[in-house]
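A short write-up of the structure that comes next.
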Amino acid sequence: MIKNENLSIKGRHNKPIIMDFSYGSNKTRKPIVIFCHGYKGFKDWGAWNLVAEMFAKAGFFFVKFNFSHNGGTKEQPIDFPDLEAFGNNTFIIELDDLENVLDLITASGFKHKNEVDSTKITLIGHSRGGGIATIKATEDHRVNKLITWASVCDYKNRFPKGETLKQWKEDGVMFVENGRTKQQMPHYFQFYTSFIDNENRLTIKKAIKNIKVPHLIIHGTKDPTVSVKEAKEIHSWNDKSELFLVEDANHVFGAKHPWETEILPHHLLEIVEKSMQFAIL
């Protein structure tokens, strides 16, 4: 029987981390997979719940969570009722959130400790979450494998430059429209200054060059959001990584939100199967 359990844990930055576990309840220790969502994402976006169920049926303990400042709340974890939290997010907060999740899953008092093998932990990061997963996989000895889906290869080059950056500093806030919800989503200028203050740690290229664990890079060849060139860059920085390109796949591998069928889109099914094969080896 597959169990799906939701809970909330206290984060380090005054916001809860909402997460869920999907697993076959049979008191056997299972390899752990922790999924990190991307920018303007959340753990229940689109077909992610079906992805979790598929991993659970294959014998994994699958964990997905909302970054504490992704804009969701405990009461409304889908979409973005807390835009103030969204605006105050930083990459450092996201790394701390992921560490909180790792701490929980590997703790001796974890209530599902008989269901997990904490010596086998794979991180999966999608899009911006791919960079977070990569940095953490380099930093944290508890992580054994890394899988990135449509990951960015650089954070700095995504910040505005020139007059736009100057205007952001003067205004203190910059707004980005959410194409789906039409919300004007704020980024306070501290998002940029936090990056600059921690640039050495947050440079994905540096993390990739220092990575010691197996790394599977998955990317769609028709990704309009993050170019497939970024996957090839990541692969070039680690010649021991594996690059798996999905022909004609987009940024979310054929999924959308909401996802209203019980069948995964074929590109997403393909990468889930590839990811499970990689994680179990």
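Each chain of the structure tokens is named A, B, ... in the order shown, its residues numbered from 1; ligands are numbered from 1 in display order.
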
Exercise: Pro186 (chain A) partners within 10 Å, only C-alpha atoms, chain neighbours under 4 positions left out, as a ChimeraX atom specification: /A:83-89,172-177

Contacts of Asp97 (chain A) at 9 Å or less, counting only C-alpha atoms, minus same-chain residues fewer than 5 places along, as a compact mmCIF listing (two decimals) with N, CA, C and O atoms, in the first residue's frame?
```txt
# COMPACT_ATOMS: atom_id res chain seq x y z
N GLY A 11 11.13 25.82 9.78
CA GLY A 11 12.34 26.18 9.06
C GLY A 11 13.21 27.12 9.88
O GLY A 11 12.82 27.54 10.97
N ARG A 12 14.35 27.46 9.37
CA ARG A 12 15.28 28.35 10.09
C ARG A 12 14.95 29.82 9.90
O ARG A 12 15.55 30.68 10.53
N HIS A 13 13.99 30.10 9.02
CA HIS A 13 13.78 31.49 8.61
C HIS A 13 12.34 31.94 8.84
O HIS A 13 11.76 32.66 8.03
N ILE A 17 8.23 24.70 6.51
CA ILE A 17 8.52 23.93 5.29
C ILE A 17 7.44 22.86 5.19
O ILE A 17 7.33 21.99 6.07
N ASN A 66 7.84 22.18 -0.24
CA ASN A 66 7.83 23.58 -0.66
C ASN A 66 8.95 24.31 0.06
O ASN A 66 9.05 24.24 1.30
N PHE A 67 9.80 25.00 -0.68
CA PHE A 67 10.74 25.89 -0.02
C PHE A 67 9.95 26.88 0.84
O PHE A 67 8.85 27.31 0.46
N SER A 68 10.48 27.20 2.00
CA SER A 68 9.71 27.95 3.00
C SER A 68 9.23 29.31 2.50
O SER A 68 8.20 29.80 2.93
N ILE A 92 20.14 31.24 -0.33
CA ILE A 92 20.65 30.74 0.95
C ILE A 92 19.51 30.15 1.77
O ILE A 92 19.67 29.08 2.40
N LEU A 102 16.90 17.30 4.93
CA LEU A 102 17.88 16.22 5.10
C LEU A 102 18.05 15.87 6.58
O LEU A 102 18.14 14.68 6.93
```

Could you check which of A:Ile121, A:Val143, A:Leu7, A:Val101 is closest to Lys30 (chain A), using only C-alpha atoms?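 Closest candidate: A:Ile121.
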
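With CA of Phe278 (chain A) on one side and CA of Gly125 (chain A) on the other, the separation reads 14.5 Å.
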
Find, counting only C-alpha atoms, the residue in A:Gly24, A:Pro16, A:Gly220, A:Gly162 that gets nearest to Gly72 (chain A).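 Answer, going by the shortest atom-to-atom distance: A:Pro16.
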
Separation of CA of Phe65 (chain A) from CA of Thr90 (chain A), in Å and rounded to one decimal: 16.4 Å

Between A:Ile217, A:Val228, A:Ile132, A:Ile204, which one has atoms that come closest to His37 (chain A), using only C-alpha atoms?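 The answer is A:Ile132, which sits nearest to His37 (chain A).
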
Residue neighbourhood Ile124 (chain A), 8 Å, only C-alpha atoms, exclusion window fewer than 6 positions, as a PDB file with C-alpha atoms, in the first residue's frame:
```pdb
ATOM      1  CA  VAL A  33      14.673  10.591  -3.202  1.00  0.00           C
ATOM      2  CA  ILE A  34      14.215  14.274  -2.314  1.00  0.00           C
ATOM      3  CA  PHE A  35      12.667  16.521  -4.963  1.00  0.00           C
ATOM      4  CA  CYS A  36      13.356  20.267  -5.138  1.00  0.00           C
ATOM      5  CA  GLY A 130      18.556  21.968  -9.951  1.00  0.00           C
ATOM      6  CA  ALA A 133      20.320  20.434  -5.418  1.00  0.00           C
ATOM      7  CA  LEU A 146      22.290  13.950  -7.982  1.00  0.00           C
ATOM      8  CA  ILE A 147      19.735  14.194 -10.779  1.00  0.00           C
ATOM      9  CA  THR A 148      18.929  17.520 -12.404  1.00  0.00           C
ATOM     10  CA  TRP A 149      15.884  18.077 -14.602  1.00  0.00           C
TER      11      TRP A 149
END
```

Using only C-alpha atoms, pick whichever of A:Lys43, A:Val116, A:Phe110, A:Ile2 has the shortest atom-to-atom distance to Ala58 (chain A). A:Ile2
